[in-house]
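K.L.:
My structure file structure_11.pdb, PDB, C-alpha atoms, is below:
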```
ATOM      1  CA  MET Q   1     -63.517 -34.251  36.885
ATOM      2  CA  LEU Q   2     -63.778 -37.856  35.716
ATOM      3  CA  GLN Q   3     -66.310 -40.511  36.729
ATOM      4  CA  ILE Q   4     -65.376 -44.208  36.653
ATOM      5  CA  ARG Q   5     -68.565 -45.951  37.768
ATOM      6  CA  ASN Q   6     -68.991 -44.860  41.402
ATOM      7  CA  ILE Q   7     -65.578 -43.183  41.700
ATOM      8  CA  THR Q   8     -65.407 -39.419  41.270
ATOM      9  CA  ILE Q   9     -61.881 -38.391  40.332
ATOM     10  CA  ARG Q  10     -61.547 -34.692  40.911
ATOM     11  CA  PRO Q  11     -59.428 -33.362  39.269
ATOM     12  CA  ALA Q  12     -58.775 -35.932  36.533
ATOM     13  CA  THR Q  13     -55.103 -36.342  37.368
ATOM     14  CA  PHE Q  14     -53.475 -39.617  38.406
ATOM     15  CA  LEU Q  15     -50.215 -40.535  40.139
ATOM     16  CA  SER Q  16     -48.605 -43.332  38.145
ATOM     17  CA  PRO Q  17     -47.624 -46.512  39.992
ATOM     18  CA  MET Q  18     -43.830 -46.777  40.146
ATOM     19  CA  ALA Q  19     -42.013 -49.758  41.625
ATOM     20  CA  GLY Q  20     -40.122 -48.922  44.791
ATOM     21  CA  LEU Q  21     -41.330 -45.330  44.774
ATOM     22  CA  THR Q  22     -45.082 -44.860  45.097
ATOM     23  CA  ASP Q  23     -45.589 -46.456  48.496
ATOM     24  CA  SER Q  24     -48.175 -45.128  50.949
ATOM     25  CA  VAL Q  25     -45.763 -42.496  52.281
ATOM     26  CA  PHE Q  26     -45.139 -40.949  48.862
ATOM     27  CA  ARG Q  27     -48.815 -41.167  47.909
ATOM     28  CA  ARG Q  28     -49.847 -39.302  51.065
ATOM     29  CA  LEU Q  29     -47.199 -36.677  50.414
ATOM     30  CA  ILE Q  30     -48.644 -36.067  46.943
ATOM     31  CA  LYS Q  31     -52.221 -36.004  48.239
ATOM     32  CA  ARG Q  32     -51.347 -33.445  50.909
ATOM     33  CA  LEU Q  33     -49.829 -31.099  48.334
ATOM     34  CA  GLY Q  34     -53.170 -31.064  46.502
ATOM     35  CA  GLY Q  35     -54.402 -31.438  42.942
ATOM     36  CA  CYS Q  36     -54.024 -35.212  42.512
ATOM     37  CA  GLY Q  37     -57.338 -36.951  41.871
ATOM     38  CA  LEU Q  38     -56.320 -40.604  42.229
ATOM     39  CA  VAL Q  39     -53.270 -42.569  43.401
ATOM     40  CA  MET Q  40     -52.247 -46.178  42.744
ATOM     41  CA  THR Q  41     -50.199 -48.648  44.723
ATOM     42  CA  GLU Q  42     -46.905 -49.943  43.430
ATOM     43  CA  PHE Q  43     -47.592 -52.799  41.048
ATOM     44  CA  THR Q  44     -48.053 -55.905  43.185
ATOM     45  CA  SER Q  45     -47.488 -59.541  42.263
ATOM     46  CA  ALA Q  46     -50.680 -61.582  42.280
ATOM     47  CA  GLU Q  47     -48.525 -64.663  42.728
ATOM     48  CA  GLY Q  48     -46.815 -63.218  45.801
ATOM     49  CA  LEU Q  49     -50.048 -61.881  47.240
ATOM     50  CA  THR Q  50     -51.890 -65.180  47.010
ATOM     51  CA  ARG Q  51     -48.893 -67.023  48.473
ATOM     52  CA  ASN Q  52     -49.025 -64.746  51.508
ATOM     53  CA  SER Q  53     -45.804 -62.859  50.734
ATOM     54  CA  PHE Q  54     -45.249 -60.196  53.402
ATOM     55  CA  LYS Q  55     -43.648 -57.881  50.833
ATOM     56  CA  SER Q  56     -46.621 -58.139  48.475
ATOM     57  CA  ARG Q  57     -49.135 -57.626  51.271
ATOM     58  CA  ARG Q  58     -47.255 -54.589  52.543
ATOM     59  CA  MET Q  59     -47.485 -53.001  49.102
ATOM     60  CA  LEU Q  60     -51.263 -52.929  49.522
ATOM     61  CA  PHE Q  61     -51.120 -50.941  52.768
ATOM     62  CA  TYR Q  62     -52.903 -47.589  52.455
ATOM     63  CA  HIS Q  63     -54.408 -44.797  54.562
ATOM     64  CA  GLU Q  64     -57.916 -43.412  54.248
ATOM     65  CA  GLU Q  65     -56.531 -40.004  53.274
ATOM     66  CA  GLU Q  66     -55.261 -41.528  50.022
ATOM     67  CA  ARG Q  67     -58.760 -42.155  48.635
ATOM     68  CA  PRO Q  68     -59.661 -42.707  45.937
ATOM     69  CA  VAL Q  69     -56.898 -45.328  45.753
ATOM     70  CA  THR Q  70     -56.422 -48.130  43.249
ATOM     71  CA  ALA Q  71     -54.529 -51.382  43.800
ATOM     72  CA  GLN Q  72     -52.452 -52.363  40.795
ATOM     73  CA  LEU Q  73     -51.682 -56.039  40.183
ATOM     74  CA  PHE Q  74     -49.533 -57.923  37.709
ATOM     75  CA  GLY Q  75     -49.304 -61.579  36.808
ATOM     76  CA  ALA Q  76     -50.072 -64.125  34.123
ATOM     77  CA  ASP Q  77     -52.106 -66.811  35.915
ATOM     78  CA  PRO Q  78     -55.840 -66.083  35.551
ATOM     79  CA  GLU Q  79     -56.826 -67.962  38.711
ATOM     80  CA  ARG Q  80     -54.102 -66.313  40.822
ATOM     81  CA  LEU Q  81     -55.193 -62.939  39.504
ATOM     82  CA  ALA Q  82     -58.828 -63.715  40.311
ATOM     83  CA  GLU Q  83     -57.897 -64.693  43.877
ATOM     84  CA  ALA Q  84     -55.746 -61.581  44.252
ATOM     85  CA  THR Q  85     -58.631 -59.486  42.912
ATOM     86  CA  ARG Q  86     -60.951 -60.799  45.597
ATOM     87  CA  MET Q  87     -58.305 -60.001  48.221
ATOM     88  CA  VAL Q  88     -58.008 -56.433  46.913
ATOM     89  CA  ASP Q  89     -61.793 -56.150  46.960
ATOM     90  CA  ASP Q  90     -61.901 -57.288  50.593
ATOM     91  CA  LEU Q  91     -59.231 -54.735  51.562
ATOM     92  CA  GLY Q  92     -61.579 -51.913  50.590
ATOM     93  CA  PHE Q  93     -59.765 -50.429  47.606
ATOM     94  CA  ASP Q  94     -61.779 -48.150  45.348
ATOM     95  CA  ALA Q  95     -60.660 -49.886  42.146
ATOM     96  CA  ILE Q  96     -58.305 -52.491  40.755
ATOM     97  CA  ASP Q  97     -55.870 -52.004  37.865
ATOM     98  CA  LEU Q  98     -53.990 -54.604  35.829
ATOM     99  CA  ASN Q  99     -50.451 -53.694  34.774
ATOM    100  CA  LEU Q 100     -49.849 -54.430  31.091
ATOM    101  CA  GLY Q 101     -46.993 -52.015  30.653
ATOM    102  CA  CYS Q 102     -44.037 -52.938  32.858
ATOM    103  CA  PRO Q 103     -40.988 -53.556  30.617
ATOM    104  CA  ALA Q 104     -38.742 -55.064  33.334
ATOM    105  CA  LYS Q 105     -37.055 -58.295  32.262
ATOM    106  CA  LYS Q 106     -37.973 -60.119  35.489
ATOM    107  CA  VAL Q 107     -41.672 -59.334  35.019
ATOM    108  CA  VAL Q 108     -41.713 -59.986  31.269
ATOM    109  CA  LYS Q 109     -39.920 -63.311  31.743
ATOM    110  CA  GLY Q 110     -42.912 -64.517  33.737
ATOM    111  CA  CYS Q 111     -45.268 -63.302  30.983
ATOM    112  CA  GLY Q 112     -46.448 -60.386  33.134
ATOM    113  CA  GLY Q 113     -46.585 -56.675  32.380
ATOM    114  CA  SER Q 114     -46.034 -55.754  28.738
ATOM    115  CA  ALA Q 115     -45.398 -59.403  27.768
ATOM    116  CA  LEU Q 116     -49.164 -59.973  27.851
ATOM    117  CA  LEU Q 117     -49.558 -57.553  24.942
ATOM    118  CA  ARG Q 118     -48.143 -60.365  22.784
ATOM    119  CA  GLU Q 119     -50.412 -63.029  24.321
ATOM    120  CA  THR Q 120     -53.875 -61.788  23.403
ATOM    121  CA  LYS Q 121     -55.706 -65.067  24.018
ATOM    122  CA  LEU Q 122     -54.262 -65.385  27.514
ATOM    123  CA  LEU Q 123     -54.884 -61.698  28.126
ATOM    124  CA  GLU Q 124     -58.524 -62.037  27.116
ATOM    125  CA  GLU Q 125     -58.944 -64.898  29.587
ATOM    126  CA  ILE Q 126     -57.272 -62.840  32.320
ATOM    127  CA  LEU Q 127     -59.449 -59.803  31.693
ATOM    128  CA  ARG Q 128     -62.625 -61.874  31.773
ATOM    129  CA  THR Q 129     -61.513 -63.646  34.950
ATOM    130  CA  ILE Q 130     -60.679 -60.437  36.802
ATOM    131  CA  ARG Q 131     -63.885 -58.782  35.602
ATOM    132  CA  ALA Q 132     -65.908 -61.678  36.982
ATOM    133  CA  ALA Q 133     -64.065 -61.633  40.313
ATOM    134  CA  ALA Q 134     -64.154 -57.863  40.943
ATOM    135  CA  SER Q 135     -67.099 -55.989  42.412
ATOM    136  CA  ILE Q 136     -65.141 -52.715  42.252
ATOM    137  CA  PRO Q 137     -64.227 -50.803  39.065
ATOM    138  CA  PHE Q 138     -61.610 -52.535  36.923
ATOM    139  CA  THR Q 139     -59.088 -50.590  34.826
ATOM    140  CA  ILE Q 140     -55.911 -51.418  32.922
ATOM    141  CA  LYS Q 141     -52.633 -49.647  32.120
ATOM    142  CA  ILE Q 142     -50.932 -50.575  28.865
ATOM    143  CA  ARG Q 143     -48.085 -49.667  26.550
ATOM    144  CA  ALA Q 144     -48.392 -49.123  22.820
ATOM    145  CA  GLY Q 145     -47.216 -52.664  22.190
ATOM    146  CA  TRP Q 146     -44.110 -54.792  22.253
ATOM    147  CA  SER Q 147     -42.293 -52.996  19.431
ATOM    148  CA  GLU Q 148     -42.934 -50.579  16.593
ATOM    149  CA  THR Q 149     -44.017 -53.499  14.407
ATOM    150  CA  GLU Q 150     -46.303 -54.860  17.137
ATOM    151  CA  THR Q 151     -48.429 -51.862  18.108
ATOM    152  CA  VAL Q 152     -51.597 -53.271  19.654
ATOM    153  CA  ALA Q 153     -53.031 -50.512  21.858
ATOM    154  CA  LEU Q 154     -56.198 -50.112  19.815
ATOM    155  CA  GLN Q 155     -56.787 -53.868  19.545
ATOM    156  CA  ILE Q 156     -56.288 -54.344  23.313
ATOM    157  CA  GLY Q 157     -58.397 -51.280  24.113
ATOM    158  CA  LYS Q 158     -61.379 -52.542  22.086
ATOM    159  CA  MET Q 159     -61.111 -56.023  23.588
ATOM    160  CA  ALA Q 160     -60.917 -54.610  27.115
ATOM    161  CA  GLU Q 161     -63.926 -52.347  26.560
ATOM    162  CA  ASP Q 162     -66.000 -55.252  25.232
ATOM    163  CA  ILE Q 163     -65.121 -57.355  28.285
ATOM    164  CA  GLY Q 164     -66.135 -54.628  30.737
ATOM    165  CA  VAL Q 165     -62.898 -52.874  31.657
ATOM    166  CA  GLU Q 166     -63.994 -49.411  32.774
ATOM    167  CA  ALA Q 167     -60.998 -47.201  31.917
ATOM    168  CA  ILE Q 168     -57.643 -47.560  30.199
ATOM    169  CA  THR Q 169     -54.348 -45.729  30.639
ATOM    170  CA  LEU Q 170     -51.970 -45.668  27.684
ATOM    171  CA  HIS Q 171     -48.246 -44.995  27.905
ATOM    172  CA  PRO Q 172     -47.522 -44.707  24.175
ATOM    173  CA  ARG Q 173     -44.059 -46.192  24.167
ATOM    174  CA  THR Q 174     -43.316 -49.807  23.283
ATOM    175  CA  ARG Q 175     -41.714 -52.355  25.560
ATOM    176  CA  VAL Q 176     -38.599 -52.249  23.381
ATOM    177  CA  GLN Q 177     -38.359 -48.482  23.885
ATOM    178  CA  GLY Q 178     -38.494 -48.734  27.664
ATOM    179  CA  PHE Q 179     -38.325 -45.095  28.746
ATOM    180  CA  SER Q 180     -36.189 -43.932  25.830
ATOM    181  CA  GLY Q 181     -37.270 -41.902  22.846
ATOM    182  CA  LYS Q 182     -40.456 -39.892  22.734
ATOM    183  CA  ALA Q 183     -43.957 -40.966  23.751
ATOM    184  CA  ASN Q 184     -46.257 -40.998  20.704
ATOM    185  CA  TRP Q 185     -49.230 -38.979  21.944
ATOM    186  CA  GLY Q 186     -50.947 -39.565  18.604
ATOM    187  CA  LEU Q 187     -51.689 -43.115  19.769
ATOM    188  CA  ILE Q 188     -53.558 -41.711  22.785
ATOM    189  CA  ALA Q 189     -55.698 -39.589  20.456
ATOM    190  CA  GLN Q 190     -56.369 -42.627  18.263
ATOM    191  CA  LEU Q 191     -57.419 -44.740  21.233
ATOM    192  CA  LYS Q 192     -59.676 -41.995  22.570
ATOM    193  CA  ALA Q 193     -61.360 -41.637  19.176
ATOM    194  CA  HIS Q 194     -62.281 -45.334  19.070
ATOM    195  CA  LEU Q 195     -63.323 -46.089  22.664
ATOM    196  CA  LYS Q 196     -66.292 -45.100  24.791
ATOM    197  CA  ILE Q 197     -64.618 -45.794  28.136
ATOM    198  CA  PRO Q 198     -62.328 -43.119  29.670
ATOM    199  CA  VAL Q 199     -58.813 -42.946  28.238
ATOM    200  CA  ILE Q 200     -56.022 -41.596  30.455
ATOM    201  CA  GLY Q 201     -52.829 -40.359  28.823
ATOM    202  CA  ASN Q 202     -49.384 -41.049  30.263
ATOM    203  CA  GLY Q 203     -45.856 -40.299  29.132
ATOM    204  CA  ASP Q 204     -43.535 -37.274  28.870
ATOM    205  CA  ILE Q 205     -45.474 -35.032  31.252
ATOM    206  CA  VAL Q 206     -42.808 -33.164  33.207
ATOM    207  CA  THR Q 207     -44.438 -29.719  33.470
ATOM    208  CA  PRO Q 208     -48.027 -28.560  34.012
ATOM    209  CA  GLU Q 209     -47.930 -27.141  30.490
ATOM    210  CA  ASP Q 210     -47.232 -30.654  29.164
ATOM    211  CA  ALA Q 211     -50.383 -31.966  30.871
ATOM    212  CA  LEU Q 212     -52.595 -29.289  29.343
ATOM    213  CA  ARG Q 213     -51.005 -29.816  25.932
ATOM    214  CA  MET Q 214     -51.618 -33.583  26.107
ATOM    215  CA  ARG Q 215     -55.292 -32.997  26.833
ATOM    216  CA  ALA Q 216     -55.605 -30.489  24.020
ATOM    217  CA  GLU Q 217     -53.785 -32.668  21.464
ATOM    218  CA  THR Q 218     -55.317 -36.037  22.343
ATOM    219  CA  GLY Q 219     -58.718 -35.320  23.898
ATOM    220  CA  CYS Q 220     -57.860 -37.759  26.707
ATOM    221  CA  ASP Q 221     -60.124 -37.842  29.754
ATOM    222  CA  GLY Q 222     -57.311 -37.544  32.275
ATOM    223  CA  VAL Q 223     -53.535 -37.511  32.625
ATOM    224  CA  MET Q 224     -51.248 -39.795  34.606
ATOM    225  CA  ILE Q 225     -47.889 -38.553  35.823
ATOM    226  CA  GLY Q 226     -44.943 -40.628  37.008
ATOM    227  CA  ARG Q 227     -41.378 -39.392  36.896
ATOM    228  CA  GLY Q 228     -42.510 -35.772  36.586
ATOM    229  CA  ALA Q 229     -44.011 -36.013  40.073
ATOM    230  CA  LEU Q 230     -40.729 -37.242  41.536
ATOM    231  CA  SER Q 231     -38.773 -34.182  40.486
ATOM    232  CA  ASN Q 232     -41.713 -31.814  41.077
ATOM    233  CA  PRO Q 233     -44.279 -33.139  43.589
ATOM    234  CA  TRP Q 234     -46.236 -29.860  43.199
ATOM    235  CA  ILE Q 235     -47.049 -30.616  39.546
ATOM    236  CA  PHE Q 236     -50.607 -31.788  40.268
ATOM    237  CA  ARG Q 237     -51.468 -28.598  42.140
ATOM    238  CA  GLN Q 238     -49.886 -26.544  39.355
ATOM    239  CA  ILE Q 239     -52.002 -28.304  36.708
ATOM    240  CA  PHE Q 240     -55.148 -27.519  38.689
ATOM    241  CA  GLU Q 241     -54.086 -23.900  39.051
ATOM    242  CA  MET Q 242     -53.347 -23.498  35.337
ATOM    243  CA  GLU Q 243     -56.674 -25.051  34.346
ATOM    244  CA  ASN Q 244     -58.577 -22.737  36.667
ATOM    245  CA  GLY Q 245     -56.684 -19.506  35.996
ATOM    246  CA  LEU Q 246     -55.166 -19.384  39.476
ATOM    247  CA  PRO Q 247     -51.700 -18.076  40.400
ATOM    248  CA  LEU Q 248     -49.158 -20.805  39.809
ATOM    249  CA  THR Q 249     -47.530 -22.306  42.905
ATOM    250  CA  GLN Q 250     -43.786 -21.669  42.834
ATOM    251  CA  PRO Q 251     -42.344 -23.551  45.809
ATOM    252  CA  SER Q 252     -39.576 -21.750  47.636
ATOM    253  CA  ILE Q 253     -36.384 -23.325  48.913
ATOM    254  CA  SER Q 254     -37.999 -23.329  52.340
ATOM    255  CA  ASP Q 255     -41.021 -25.223  50.923
ATOM    256  CA  LYS Q 256     -38.690 -27.826  49.447
ATOM    257  CA  HIS Q 257     -36.857 -28.140  52.748
ATOM    258  CA  GLN Q 258     -40.135 -28.745  54.571
ATOM    259  CA  LEU Q 259     -41.241 -31.292  51.951
ATOM    260  CA  ILE Q 260     -38.075 -33.360  52.334
ATOM    261  CA  LYS Q 261     -38.461 -33.281  56.108
ATOM    262  CA  ALA Q 262     -42.129 -34.278  55.868
ATOM    263  CA  TYR Q 263     -41.335 -37.221  53.594
ATOM    264  CA  PHE Q 264     -38.528 -38.490  55.785
ATOM    265  CA  GLN Q 265     -40.614 -38.032  58.932
ATOM    266  CA  LEU Q 266     -43.391 -40.167  57.444
ATOM    267  CA  LEU Q 267     -40.836 -42.869  56.625
ATOM    268  CA  PHE Q 268     -39.745 -42.904  60.271
ATOM    269  CA  GLU Q 269     -43.300 -42.942  61.620
ATOM    270  CA  GLU Q 270     -44.315 -45.855  59.419
ATOM    271  CA  GLU Q 271     -41.078 -47.744  60.148
ATOM    272  CA  ILE Q 272     -40.722 -48.419  56.437
ATOM    273  CA  PRO Q 273     -38.179 -51.191  55.717
ATOM    274  CA  GLY Q 274     -35.130 -49.825  53.927
ATOM    275  CA  ALA Q 275     -35.936 -46.236  54.908
ATOM    276  CA  LEU Q 276     -32.342 -45.118  54.373
ATOM    277  CA  GLY Q 277     -32.381 -46.383  50.796
ATOM    278  CA  LYS Q 278     -35.707 -44.669  50.137
ATOM    279  CA  MET Q 279     -34.349 -41.398  51.519
ATOM    280  CA  LYS Q 280     -31.429 -41.578  49.114
ATOM    281  CA  GLN Q 281     -33.711 -42.574  46.245
ATOM    282  CA  PHE Q 282     -36.083 -39.674  46.873
ATOM    283  CA  ALA Q 283     -33.155 -37.272  47.174
ATOM    284  CA  SER Q 284     -31.768 -38.405  43.820
ATOM    285  CA  TRP Q 285     -34.945 -37.177  42.129
ATOM    286  CA  PHE Q 286     -36.083 -34.260  44.196
ATOM    287  CA  THR Q 287     -32.842 -32.356  44.803
ATOM    288  CA  HIS Q 288     -32.386 -31.648  41.091
ATOM    289  CA  ALA Q 289     -34.759 -28.708  41.609
ATOM    290  CA  ILE Q 290     -32.678 -27.232  44.443
ATOM    291  CA  PRO Q 291     -29.731 -24.854  43.968
ATOM    292  CA  PHE Q 292     -26.473 -26.734  44.579
ATOM    293  CA  GLY Q 293     -28.525 -29.904  44.863
ATOM    294  CA  ALA Q 294     -25.563 -32.006  43.702
ATOM    295  CA  SER Q 295     -23.695 -31.273  46.916
ATOM    296  CA  LEU Q 296     -26.763 -32.196  48.965
ATOM    297  CA  ARG Q 297     -27.167 -35.469  47.053
ATOM    298  CA  LYS Q 298     -23.515 -36.320  47.612
ATOM    299  CA  SER Q 299     -23.762 -35.767  51.350
ATOM    300  CA  ILE Q 300     -26.941 -37.867  51.551
ATOM    301  CA  TYR Q 301     -25.453 -40.709  49.493
ATOM    302  CA  GLU Q 302     -22.426 -40.795  51.822
ATOM    303  CA  SER Q 303     -24.602 -41.095  54.933
ATOM    304  CA  THR Q 304     -24.763 -44.472  56.640
ATOM    305  CA  GLN Q 305     -27.608 -43.825  59.093
ATOM    306  CA  GLU Q 306     -31.031 -42.222  58.876
ATOM    307  CA  SER Q 307     -30.169 -39.703  61.608
ATOM    308  CA  GLU Q 308     -27.052 -38.710  59.670
ATOM    309  CA  VAL Q 309     -29.161 -37.985  56.583
ATOM    310  CA  MET Q 310     -31.415 -35.680  58.615
ATOM    311  CA  GLU Q 311     -28.435 -33.872  60.134
ATOM    312  CA  ARG Q 312     -26.868 -33.257  56.713
ATOM    313  CA  ILE Q 313     -30.152 -32.004  55.287
ATOM    314  CA  GLU Q 314     -30.588 -29.553  58.162
ATOM    315  CA  GLN Q 315     -27.018 -28.362  57.805
ATOM    316  CA  PHE Q 316     -27.401 -27.862  54.062
ATOM    317  CA  PHE Q 317     -30.585 -25.830  54.317
ATOM    318  CA  GLN Q 318     -29.326 -23.741  57.218
ATOM    319  CA  ASN Q 319     -26.488 -22.629  54.961
ATOM    320  CA  ALA Q 320     -28.553 -22.440  51.770
ATOM    321  CA  LEU Q 321     -31.705 -20.623  52.853
ATOM    322  CA  PRO Q 322     -30.257 -17.138  53.477
ATOM    323  CA  THR Q 323     -28.804 -16.876  49.952
ATOM    324  CA  ALA Q 324     -30.703 -19.464  47.917
ATOM    325  CA  ASP Q 325     -33.014 -16.996  46.193
ATOM    326  CA  CYS Q 326     -29.998 -15.145  44.821
ATOM    327  CA  GLN Q 327     -28.250 -18.205  43.461
ATOM    328  CA  PRO Q 328     -28.574 -19.964  40.106
ATOM    329  CA  VAL Q 329     -29.451 -23.647  40.052
ATOM    330  CA  VAL Q 330     -26.131 -25.480  39.937
ATOM    331  CA  ASP Q 331     -26.757 -29.180  39.620
TER     332      ASP Q 331
END
```
Can I see the file as structure tokens?
P.N.:
Amino acid sequence: MLQIRNITIRPATFLSPMAGLTDSVFRRLIKRLGGCGLVMTEFTSAEGLTRNSFKSRRMLFYHEEERPVTAQLFGADPERLAEATRMVDDLGFDAIDLNLGCPAKKVVKGCGGSALLRETKLLEEILRTIRAAASIPFTIKIRAGWSETETVALQIGKMAEDIGVEAITLHPRTRVQGFSGKANWGLIAQLKAHLKIPVIGNGDIVTPEDALRMRAETGCDGVMIGRGALSNPWIFRQIFEMENGLPLTQPSISDKHQLIKAYFQLLFEEEIPGALGKMKQFASWFTHAIPFGASLRKSIYESTQESEVMERIEQFFQNALPTADCQPVVD
């Protein structure tokens, strides 16, 4: 369990915000599987939000069952971020998070995301402005720095703590690394040793064993999982089970079939724009854990309508279920 002001996060596991992936449908799917203590929205442009962009506003749609839920913003204009913060506050979110880690060129070009790690004076102004505008808990998510020669996590962490930021998540890769190489968990341990506010570790957690090892090696207060939850949405429940000495959930092929159906059904019910693309995107991650998943992915990619995707999924599992438990994973 982790307490961030008035928010009880039980267990201390977080779903990482991922652009184009962690919409309300995916967040609810994760919550329903159990074991995830807090979810975040996709990172949302403060500029777009305050200019009444429909896309930005839609990103902040959430259901009560997602609580506790944090809205994550990005931007580089202190006043826009302050206005967006007040909007998030009014929408009833439990907390607000500032993205200081996104390495995407489009975001960095506008001095957002990880670019702010090189602009400490501007970042300090932004943090103070958001802190003053927010009545709800305020957290940040950062990278180690811009490059190996510009590692600033500790400097940013201390500054944020002094300003009143209430928790910090560190993905210990640099912007230059992107998602390549190995996350330096030692930087998480260093940050935890120097800060009083909660430190959440992120990076290279793909199994429940990884999560427990990160906690043991770094002393972090919680773990945040991104890509590992896409390929294995049960990972949060499995972490909880391992920590509490419970039998480990091993989802069957039938469980995976039902999960895909549940996700796609939620997409239909919510009338999510671009549902077909999201179905294909989800399938590209999730079917790697299914025997002969490559053939299923191929058939989904070739589909041109949502109904066709559902038909091909049903056909695949009707053929796969009787023999799946006897087959090796061929991907």
K.L.:
Just to confirm, what's the straight-line distance from atom CA of Q:Gln238 to atom CA of Q:Thr207 in Å (one decimal)?
P.N.:
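Computing it gives 8.6 Å between the two atoms.
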K.L.:
Could you jot down the atom CA of Q:Gln72 to atom CA of Q:Pro17 separation for me, Å, one decimal place?
P.N.:
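Answer for the atom CA of Q:Gln72 to atom CA of Q:Pro17 separation: 7.6 Å.
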K.L.:
Given the file shown, enumerate the residues that the PyMOL selection byres ((chain Q and resi 165) around 12) captures and present them as a PyMOL selection string.
P.N.:
chain Q and resi 4-5+95-98+124+126-132+134-141+156-164+166-169+195-199
K.L.:
To one decimal place, how far is atom CA of Q:Val223 from atom CA of Q:Ile205 in Å?
P.N.:
8.5 Å
K.L.:
For Q:Gln281, list every protein, DNA or RNA residue within 12 Å, evaluated using all atoms listed in the file, and leave out those in the same chain fewer than 4 positions away; present the list as a list in words.
P.N.:
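Answer for this query is Ala19, Gly20, Leu21, Thr22, Phe26, Leu230, Ser231, Ile260, Tyr263, Phe264, Gly274, Ala275, Leu276, Gly277, Trp285, Phe286, Thr287, Arg297, Ile300 and Tyr301 of chain Q.
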K.L.:
Using the chain letters and residue numbers of this document, give as number ranges by chain the residues selected by the PyMOL selection byres ((chain Q and resi 214) around 10).
P.N.:
Q: 185-186, 188-189, 201-205, 209-213, 215-220, 222-223
K.L.:
Within 9 Å of Q:Gln3, counting all atoms listed in the file, which residues show up once you throw out same-chain ones fewer than 6 positions away? Write them as a list in words, please.
P.N.:
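Returned residues: Ile9, Arg10, Ala12 and Pro198 of chain Q.
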K.L.:
Tell me which protein, DNA and RNA residues are within 8 Å of Q:Val69, counting all atoms listed in the file, leaving out same-chain ones fewer than 4 positions away, and put them as a list in words.
P.N.:
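Counting all atoms listed in the file, the residues come to Leu38, Val39, Met40, Thr41, Phe93, Asp94 and Ala95 of chain Q.
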K.L.:
For a cutoff of 7 Å around the file-coordinate point (-43.1, -42.5, 22.1), which residues qualify once you count all atoms listed in the file? I'd like the result as a PDB file with C-alpha atoms, in the frame of the given file.
P.N.:
```
ATOM      1  CA  PRO Q 172     -47.522 -44.707  24.175  1.00  0.00           C
ATOM      2  CA  ARG Q 173     -44.059 -46.192  24.167  1.00  0.00           C
ATOM      3  CA  GLY Q 181     -37.270 -41.902  22.846  1.00  0.00           C
ATOM      4  CA  LYS Q 182     -40.456 -39.892  22.734  1.00  0.00           C
ATOM      5  CA  ALA Q 183     -43.957 -40.966  23.751  1.00  0.00           C
ATOM      6  CA  ASN Q 184     -46.257 -40.998  20.704  1.00  0.00           C
TER       7      ASN Q 184
END
```
K.L.:
Spell out the residues picked by the PyMOL selection byres ((chain Q and resi 314) around 12) here, as a PDB file with C-alpha atoms, in the coordinates of the input.
P.N.:
```pdb
ATOM      1  CA  SER Q 254     -37.999 -23.329  52.340  1.00  0.00           C
ATOM      2  CA  HIS Q 257     -36.857 -28.140  52.748  1.00  0.00           C
ATOM      3  CA  GLN Q 258     -40.135 -28.745  54.571  1.00  0.00           C
ATOM      4  CA  ILE Q 260     -38.075 -33.360  52.334  1.00  0.00           C
ATOM      5  CA  LYS Q 261     -38.461 -33.281  56.108  1.00  0.00           C
ATOM      6  CA  LEU Q 296     -26.763 -32.196  48.965  1.00  0.00           C
ATOM      7  CA  SER Q 299     -23.762 -35.767  51.350  1.00  0.00           C
ATOM      8  CA  ILE Q 300     -26.941 -37.867  51.551  1.00  0.00           C
ATOM      9  CA  SER Q 307     -30.169 -39.703  61.608  1.00  0.00           C
ATOM     10  CA  GLU Q 308     -27.052 -38.710  59.670  1.00  0.00           C
ATOM     11  CA  VAL Q 309     -29.161 -37.985  56.583  1.00  0.00           C
ATOM     12  CA  MET Q 310     -31.415 -35.680  58.615  1.00  0.00           C
ATOM     13  CA  GLU Q 311     -28.435 -33.872  60.134  1.00  0.00           C
ATOM     14  CA  ARG Q 312     -26.868 -33.257  56.713  1.00  0.00           C
ATOM     15  CA  ILE Q 313     -30.152 -32.004  55.287  1.00  0.00           C
ATOM     16  CA  GLN Q 315     -27.018 -28.362  57.805  1.00  0.00           C
ATOM     17  CA  PHE Q 316     -27.401 -27.862  54.062  1.00  0.00           C
ATOM     18  CA  PHE Q 317     -30.585 -25.830  54.317  1.00  0.00           C
ATOM     19  CA  GLN Q 318     -29.326 -23.741  57.218  1.00  0.00           C
ATOM     20  CA  ASN Q 319     -26.488 -22.629  54.961  1.00  0.00           C
ATOM     21  CA  ALA Q 320     -28.553 -22.440  51.770  1.00  0.00           C
ATOM     22  CA  LEU Q 321     -31.705 -20.623  52.853  1.00  0.00           C
TER      23      LEU Q 321
END
```
K.L.:
Between Q:His171, Q:Arg58, Q:Lys121, Q:Lys280, which is the closest to Q:Asp23 once you count only C-alpha atoms?
P.N.:
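Among the listed residues, Q:Arg58 lies closest to Q:Asp23.
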K.L.:
Residues within 10 Å of stretch 112-117 of chain Q, please, as an MDAnalysis selection string. Count all atoms listed in the file; anything in the same chain fewer than 6 positions from it doesn't count.
P.N.:
chainID Q and resid 43 45 73:77 98:106 123:124 126 141:146 150:153 155:156 174:176
K.L.:
Counting all atoms listed in the file, figure out which residue out of Q:Gly226, Q:Pro208, Q:Gly178, Q:Gly37 gets nearest to Q:Met242.
P.N.:
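Counting all atoms listed in the file, the residue closest to Q:Met242 is Q:Pro208.
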K.L.:
Find the residue from Q:Ala46, Q:Ser53, Q:Lys278, Q:Ile272 that sits nearest to Q:Val107; use only C-alpha atoms when measuring.
P.N.:
Q:Ala46
